Amino acid sequence: MASITEERQRLFGNDLDLYLRGGAYDLRPNGAGDLGLARGNENIIQALTLHLRVRRGELAPLGWPAYGSRLHELIGEPNNARTHVRLMAYARSAIEEDPRVAEVSEVGARVLPGERDVVQLNMEIRLIDQPNPLNMVFDFDLGET
């Protein structure tokens with residue numbers, strides 16, 4: 001019988017491991033002179049984060065016109081309840097596009113203390129063939145340009 005880690009790796013796959021550096025993503029080396037891989041849970045979290053960070057339509061020239069989210073449309077909007085509702089709806093919509101996601105069962109938004117323009121989205125995501133939900137936190141800066 002496969003372990004939980006092996007089962008998650010099978011379900012969620014592998015991809016190149018990325019990290020945020022200077023406001024952009026870069027490839028993470030593995031320490032042995034090669035490129036690192038994101039596996040299993042790390043891969044699904046990375047994939048869902050990228051889905052939120054990429055502007056919908058940004059990858060159209062590469063053949064992925066519907067990939068991404070509409071969160072960028074809210075940059076410059078006031079940090080209020082109306083904007084939070086839109087952030088939660090756009091995040092839910094983008095996350096549920098991933099075929100490995102069964103549903104986003106819960107989304108919440110809160111303002112981080114001391115951060116005027118940053119809204120923290122807290123999502124409970126039910127993944128396919130997984131008994132326990134994935135809790136994902138995503139910070140979105142309404143003042144980002």
# chains A, B, ... in the order shown; residues from 1 in each chain; ligands from 1

$ select_by_dssp --residues "chain A" --states "strand (DSSP E)" --output "CSV table (one decimal) with C-alpha atoms, in the first residue's frame"
chain,number,residue,atom,x,y,z
A,14,ASN,CA,6.0,17.3,-9.8
A,15,ASP,CA,7.1,20.6,-11.3
A,16,LEU,CA,10.1,22.9,-11.2
A,18,LEU,CA,10.1,28.2,-7.9
A,19,TYR,CA,10.7,30.9,-5.3
A,20,LEU,CA,10.0,34.6,-5.2
A,21,ARG,CA,13.0,36.8,-5.7
A,24,ALA,CA,9.5,37.8,-9.7
A,25,TYR,CA,9.7,34.0,-9.6
A,26,ASP,CA,13.0,32.2,-10.3
A,27,LEU,CA,14.0,28.5,-10.5
A,37,LEU,CA,11.5,20.0,-8.0
A,38,ALA,CA,8.3,20.8,-6.1
A,39,ARG,CA,6.5,17.5,-5.3
A,101,VAL,CA,-9.4,20.8,-6.7
A,102,ALA,CA,-12.8,19.3,-5.8
A,103,GLU,CA,-14.1,22.5,-4.3
A,104,VAL,CA,-13.1,25.6,-2.3
A,105,SER,CA,-15.2,25.0,0.8
A,106,GLU,CA,-14.4,28.2,2.6
A,107,VAL,CA,-12.8,31.5,1.9
A,108,GLY,CA,-12.2,34.4,4.3
A,109,ALA,CA,-10.5,37.7,4.1
A,110,ARG,CA,-8.9,39.8,6.7
A,111,VAL,CA,-6.7,42.9,6.9
A,118,VAL,CA,-2.7,43.9,2.3
A,119,VAL,CA,-5.6,41.5,2.5
A,120,GLN,CA,-5.0,38.0,3.7
A,121,LEU,CA,-7.2,35.4,2.0
A,122,ASN,CA,-7.6,32.2,4.0
A,123,MET,CA,-9.0,29.3,2.0
A,124,GLU,CA,-10.0,25.7,2.8
A,125,ILE,CA,-9.6,23.7,-0.3
A,126,ARG,CA,-10.9,20.1,-0.8
A,127,LEU,CA,-8.6,18.3,-3.2
A,134,LEU,CA,-5.7,22.0,2.3
A,135,ASN,CA,-5.5,25.2,4.2
A,136,MET,CA,-4.0,27.9,2.0
A,137,VAL,CA,-3.1,31.5,3.0
A,138,PHE,CA,-2.5,34.1,0.2
A,139,ASP,CA,-1.6,37.7,0.9
A,140,PHE,CA,-2.8,40.2,-1.7
A,141,ASP,CA,-1.6,43.8,-1.9

$ select_by_dssp --residues "stretch 34-118 of chain A" --states "alpha helix (DSSP H)" --output "list in words"
Asn41, Glu42, Asn43, Ile44, Ile45, Gln46, Ala47, Leu48, Thr49, Leu50, His51, Leu52, Arg53, Ala81, Arg82, Thr83, His84, Val85, Arg86, Leu87, Met88, Ala89, Tyr90, Ala91, Arg92, Ser93, Ala94 and Ile95 of chain A

$ write_last_selection --atoms "N, CA and C atoms" --output "PDB file, in the first residue's frame"
ATOM      1  N   ASN A  41       2.369  17.853  -2.135  1.00  0.00           N
ATOM      2  CA  ASN A  41       1.720  19.022  -1.532  1.00  0.00           C
ATOM      3  C   ASN A  41       2.405  20.322  -1.933  1.00  0.00           C
ATOM      4  N   GLU A  42       3.744  20.328  -1.953  1.00  0.00           N
ATOM      5  CA  GLU A  42       4.467  21.538  -2.343  1.00  0.00           C
ATOM      6  C   GLU A  42       4.076  21.960  -3.754  1.00  0.00           C
ATOM      7  N   ASN A  43       3.905  20.997  -4.636  1.00  0.00           N
ATOM      8  CA  ASN A  43       3.558  21.305  -6.016  1.00  0.00           C
ATOM      9  C   ASN A  43       2.146  21.877  -6.140  1.00  0.00           C
ATOM     10  N   ILE A  44       1.174  21.302  -5.435  1.00  0.00           N
ATOM     11  CA  ILE A  44      -0.190  21.813  -5.552  1.00  0.00           C
ATOM     12  C   ILE A  44      -0.283  23.214  -4.958  1.00  0.00           C
ATOM     13  N   ILE A  45       0.408  23.473  -3.858  1.00  0.00           N
ATOM     14  CA  ILE A  45       0.398  24.811  -3.266  1.00  0.00           C
ATOM     15  C   ILE A  45       1.058  25.807  -4.216  1.00  0.00           C
ATOM     16  N   GLN A  46       2.180  25.420  -4.810  1.00  0.00           N
ATOM     17  CA  GLN A  46       2.848  26.297  -5.771  1.00  0.00           C
ATOM     18  C   GLN A  46       1.945  26.565  -6.973  1.00  0.00           C
ATOM     19  N   ALA A  47       1.306  25.525  -7.477  1.00  0.00           N
ATOM     20  CA  ALA A  47       0.439  25.678  -8.653  1.00  0.00           C
ATOM     21  C   ALA A  47      -0.743  26.593  -8.360  1.00  0.00           C
ATOM     22  N   LEU A  48      -1.367  26.422  -7.205  1.00  0.00           N
ATOM     23  CA  LEU A  48      -2.518  27.256  -6.858  1.00  0.00           C
ATOM     24  C   LEU A  48      -2.098  28.706  -6.603  1.00  0.00           C
ATOM     25  N   THR A  49      -0.937  28.904  -5.984  1.00  0.00           N
ATOM     26  CA  THR A  49      -0.423  30.257  -5.764  1.00  0.00           C
ATOM     27  C   THR A  49      -0.152  30.951  -7.097  1.00  0.00           C
ATOM     28  N   LEU A  50       0.459  30.238  -8.023  1.00  0.00           N
ATOM     29  CA  LEU A  50       0.722  30.821  -9.344  1.00  0.00           C
ATOM     30  C   LEU A  50      -0.576  31.140 -10.070  1.00  0.00           C
ATOM     31  N   HIS A  51      -1.562  30.281  -9.913  1.00  0.00           N
ATOM     32  CA  HIS A  51      -2.860  30.523 -10.546  1.00  0.00           C
ATOM     33  C   HIS A  51      -3.454  31.840 -10.050  1.00  0.00           C
ATOM     34  N   LEU A  52      -3.247  32.148  -8.782  1.00  0.00           N
ATOM     35  CA  LEU A  52      -3.751  33.400  -8.223  1.00  0.00           C
ATOM     36  C   LEU A  52      -2.910  34.607  -8.653  1.00  0.00           C
ATOM     37  N   ARG A  53      -1.605  34.426  -8.763  1.00  0.00           N
ATOM     38  CA  ARG A  53      -0.708  35.549  -9.057  1.00  0.00           C
ATOM     39  C   ARG A  53      -0.683  35.945 -10.538  1.00  0.00           C
ATOM     40  N   ALA A  81     -15.060  46.095   2.762  1.00  0.00           N
ATOM     41  CA  ALA A  81     -15.810  44.834   2.686  1.00  0.00           C
ATOM     42  C   ALA A  81     -16.193  44.481   1.251  1.00  0.00           C
ATOM     43  N   ARG A  82     -16.590  45.460   0.449  1.00  0.00           N
ATOM     44  CA  ARG A  82     -16.979  45.193  -0.937  1.00  0.00           C
ATOM     45  C   ARG A  82     -15.810  44.596  -1.725  1.00  0.00           C
ATOM     46  N   THR A  83     -14.631  45.177  -1.545  1.00  0.00           N
ATOM     47  CA  THR A  83     -13.440  44.667  -2.228  1.00  0.00           C
ATOM     48  C   THR A  83     -13.088  43.274  -1.720  1.00  0.00           C
ATOM     49  N   HIS A  84     -13.253  43.035  -0.421  1.00  0.00           N
ATOM     50  CA  HIS A  84     -12.957  41.719   0.144  1.00  0.00           C
ATOM     51  C   HIS A  84     -13.855  40.648  -0.467  1.00  0.00           C
ATOM     52  N   VAL A  85     -15.140  40.968  -0.651  1.00  0.00           N
ATOM     53  CA  VAL A  85     -16.069  40.008  -1.256  1.00  0.00           C
ATOM     54  C   VAL A  85     -15.622  39.682  -2.683  1.00  0.00           C
ATOM     55  N   ARG A  86     -15.216  40.677  -3.425  1.00  0.00           N
ATOM     56  CA  ARG A  86     -14.744  40.440  -4.791  1.00  0.00           C
ATOM     57  C   ARG A  86     -13.446  39.627  -4.792  1.00  0.00           C
ATOM     58  N   LEU A  87     -12.526  39.935  -3.873  1.00  0.00           N
ATOM     59  CA  LEU A  87     -11.284  39.167  -3.765  1.00  0.00           C
ATOM     60  C   LEU A  87     -11.585  37.690  -3.507  1.00  0.00           C
ATOM     61  N   MET A  88     -12.495  37.431  -2.577  1.00  0.00           N
ATOM     62  CA  MET A  88     -12.831  36.047  -2.241  1.00  0.00           C
ATOM     63  C   MET A  88     -13.471  35.334  -3.427  1.00  0.00           C
ATOM     64  N   ALA A  89     -14.342  36.018  -4.156  1.00  0.00           N
ATOM     65  CA  ALA A  89     -15.001  35.404  -5.321  1.00  0.00           C
ATOM     66  C   ALA A  89     -13.991  35.116  -6.428  1.00  0.00           C
ATOM     67  N   TYR A  90     -13.106  36.073  -6.712  1.00  0.00           N
ATOM     68  CA  TYR A  90     -12.107  35.873  -7.773  1.00  0.00           C
ATOM     69  C   TYR A  90     -11.132  34.759  -7.402  1.00  0.00           C
ATOM     70  N   ALA A  91     -10.736  34.699  -6.122  1.00  0.00           N
ATOM     71  CA  ALA A  91      -9.817  33.647  -5.682  1.00  0.00           C
ATOM     72  C   ALA A  91     -10.487  32.276  -5.778  1.00  0.00           C
ATOM     73  N   ARG A  92     -11.716  32.178  -5.306  1.00  0.00           N
ATOM     74  CA  ARG A  92     -12.451  30.908  -5.381  1.00  0.00           C
ATOM     75  C   ARG A  92     -12.556  30.437  -6.832  1.00  0.00           C
ATOM     76  N   SER A  93     -12.931  31.322  -7.715  1.00  0.00           N
ATOM     77  CA  SER A  93     -13.097  30.982  -9.124  1.00  0.00           C
ATOM     78  C   SER A  93     -11.793  30.461  -9.729  1.00  0.00           C
ATOM     79  N   ALA A  94     -10.692  31.143  -9.457  1.00  0.00           N
ATOM     80  CA  ALA A  94      -9.397  30.735 -10.020  1.00  0.00           C
ATOM     81  C   ALA A  94      -8.945  29.388  -9.470  1.00  0.00           C
ATOM     82  N   ILE A  95      -9.074  29.192  -8.162  1.00  0.00           N
ATOM     83  CA  ILE A  95      -8.629  27.940  -7.538  1.00  0.00           C
ATOM     84  C   ILE A  95      -9.460  26.762  -8.037  1.00  0.00           C
TER      85      ILE A  95
END

$ atom_distance --atom1 "atom CA of A:Leu35" --atom2 "atom CA of A:Gly13"
16.0 Å

$ atom_distance --atom1 "atom CA of A:Ala66" --atom2 "atom CA of A:Gly40"
24.2 Å

$ atom_distance --atom1 "atom CA of A:Gly76" --atom2 "atom CA of A:Gly23"
18.0 Å

$ closest_residue --among "A:Asp129, A:Gly22, A:Gly31, A:Asp117" --to "A:Pro78" --atoms "only C-alpha atoms"
A:Asp117

$ decode --residues "stretch 41-117 of chain A" --atoms "C-alpha atoms" --output "PDB file, in the first residue's frame"
ATOM      1  CA  ASN A  41       1.720  19.022  -1.532  1.00  0.00           C
ATOM      2  CA  GLU A  42       4.467  21.538  -2.343  1.00  0.00           C
ATOM      3  CA  ASN A  43       3.558  21.305  -6.016  1.00  0.00           C
ATOM      4  CA  ILE A  44      -0.190  21.813  -5.552  1.00  0.00           C
ATOM      5  CA  ILE A  45       0.398  24.811  -3.266  1.00  0.00           C
ATOM      6  CA  GLN A  46       2.848  26.297  -5.771  1.00  0.00           C
ATOM      7  CA  ALA A  47       0.439  25.678  -8.653  1.00  0.00           C
ATOM      8  CA  LEU A  48      -2.518  27.256  -6.858  1.00  0.00           C
ATOM      9  CA  THR A  49      -0.423  30.257  -5.764  1.00  0.00           C
ATOM     10  CA  LEU A  50       0.722  30.821  -9.344  1.00  0.00           C
ATOM     11  CA  HIS A  51      -2.860  30.523 -10.546  1.00  0.00           C
ATOM     12  CA  LEU A  52      -3.751  33.400  -8.223  1.00  0.00           C
ATOM     13  CA  ARG A  53      -0.708  35.549  -9.057  1.00  0.00           C
ATOM     14  CA  VAL A  54      -0.908  35.298 -12.867  1.00  0.00           C
ATOM     15  CA  ARG A  55      -3.279  37.742 -14.523  1.00  0.00           C
ATOM     16  CA  ARG A  56      -6.046  36.021 -16.473  1.00  0.00           C
ATOM     17  CA  GLY A  57      -5.102  36.131 -20.151  1.00  0.00           C
ATOM     18  CA  GLU A  58      -1.424  36.818 -19.478  1.00  0.00           C
ATOM     19  CA  LEU A  59      -0.475  33.386 -20.831  1.00  0.00           C
ATOM     20  CA  ALA A  60      -2.753  33.593 -23.896  1.00  0.00           C
ATOM     21  CA  PRO A  61       0.236  33.877 -26.274  1.00  0.00           C
ATOM     22  CA  LEU A  62       1.413  30.516 -24.915  1.00  0.00           C
ATOM     23  CA  GLY A  63      -1.955  28.855 -25.540  1.00  0.00           C
ATOM     24  CA  TRP A  64      -3.481  29.297 -22.074  1.00  0.00           C
ATOM     25  CA  PRO A  65      -5.961  32.191 -22.479  1.00  0.00           C
ATOM     26  CA  ALA A  66      -8.124  31.281 -19.462  1.00  0.00           C
ATOM     27  CA  TYR A  67      -5.256  30.599 -17.029  1.00  0.00           C
ATOM     28  CA  GLY A  68      -4.857  32.927 -14.064  1.00  0.00           C
ATOM     29  CA  SER A  69      -7.113  35.032 -11.897  1.00  0.00           C
ATOM     30  CA  ARG A  70      -8.869  38.367 -11.928  1.00  0.00           C
ATOM     31  CA  LEU A  71      -7.327  39.509  -8.637  1.00  0.00           C
ATOM     32  CA  HIS A  72      -5.176  42.083 -10.463  1.00  0.00           C
ATOM     33  CA  GLU A  73      -8.369  43.948 -11.400  1.00  0.00           C
ATOM     34  CA  LEU A  74      -8.686  44.955  -7.749  1.00  0.00           C
ATOM     35  CA  ILE A  75      -5.314  46.687  -7.449  1.00  0.00           C
ATOM     36  CA  GLY A  76      -5.989  50.274  -6.425  1.00  0.00           C
ATOM     37  CA  GLU A  77      -9.439  49.489  -4.989  1.00  0.00           C
ATOM     38  CA  PRO A  78     -10.221  50.559  -1.407  1.00  0.00           C
ATOM     39  CA  ASN A  79      -9.551  48.025   1.322  1.00  0.00           C
ATOM     40  CA  ASN A  80     -13.168  47.568   2.383  1.00  0.00           C
ATOM     41  CA  ALA A  81     -15.810  44.834   2.686  1.00  0.00           C
ATOM     42  CA  ARG A  82     -16.979  45.193  -0.937  1.00  0.00           C
ATOM     43  CA  THR A  83     -13.440  44.667  -2.228  1.00  0.00           C
ATOM     44  CA  HIS A  84     -12.957  41.719   0.144  1.00  0.00           C
ATOM     45  CA  VAL A  85     -16.069  40.008  -1.256  1.00  0.00           C
ATOM     46  CA  ARG A  86     -14.744  40.440  -4.791  1.00  0.00           C
ATOM     47  CA  LEU A  87     -11.284  39.167  -3.765  1.00  0.00           C
ATOM     48  CA  MET A  88     -12.831  36.047  -2.241  1.00  0.00           C
ATOM     49  CA  ALA A  89     -15.001  35.404  -5.321  1.00  0.00           C
ATOM     50  CA  TYR A  90     -12.107  35.873  -7.773  1.00  0.00           C
ATOM     51  CA  ALA A  91      -9.817  33.647  -5.682  1.00  0.00           C
ATOM     52  CA  ARG A  92     -12.451  30.908  -5.381  1.00  0.00           C
ATOM     53  CA  SER A  93     -13.097  30.982  -9.124  1.00  0.00           C
ATOM     54  CA  ALA A  94      -9.397  30.735 -10.020  1.00  0.00           C
ATOM     55  CA  ILE A  95      -8.629  27.940  -7.538  1.00  0.00           C
ATOM     56  CA  GLU A  96     -11.624  25.859  -8.612  1.00  0.00           C
ATOM     57  CA  GLU A  97     -10.339  25.861 -12.205  1.00  0.00           C
ATOM     58  CA  ASP A  98      -7.548  23.480 -11.218  1.00  0.00           C
ATOM     59  CA  PRO A  99      -8.687  19.903 -11.993  1.00  0.00           C
ATOM     60  CA  ARG A 100      -7.048  18.649  -8.787  1.00  0.00           C
ATOM     61  CA  VAL A 101      -9.438  20.788  -6.727  1.00  0.00           C
ATOM     62  CA  ALA A 102     -12.796  19.270  -5.819  1.00  0.00           C
ATOM     63  CA  GLU A 103     -14.055  22.514  -4.258  1.00  0.00           C
ATOM     64  CA  VAL A 104     -13.108  25.560  -2.253  1.00  0.00           C
ATOM     65  CA  SER A 105     -15.218  24.971   0.826  1.00  0.00           C
ATOM     66  CA  GLU A 106     -14.354  28.172   2.644  1.00  0.00           C
ATOM     67  CA  VAL A 107     -12.785  31.549   1.854  1.00  0.00           C
ATOM     68  CA  GLY A 108     -12.202  34.357   4.304  1.00  0.00           C
ATOM     69  CA  ALA A 109     -10.518  37.738   4.057  1.00  0.00           C
ATOM     70  CA  ARG A 110      -8.903  39.844   6.735  1.00  0.00           C
ATOM     71  CA  VAL A 111      -6.725  42.918   6.890  1.00  0.00           C
ATOM     72  CA  LEU A 112      -3.278  42.295   8.306  1.00  0.00           C
ATOM     73  CA  PRO A 113      -2.471  44.454  11.337  1.00  0.00           C
ATOM     74  CA  GLY A 114      -0.308  47.393  10.334  1.00  0.00           C
ATOM     75  CA  GLU A 115      -0.776  46.720   6.626  1.00  0.00           C
ATOM     76  CA  ARG A 116      -3.057  49.286   5.022  1.00  0.00           C
ATOM     77  CA  ASP A 117      -3.309  47.647   1.608  1.00  0.00           C
TER      78      ASP A 117
END
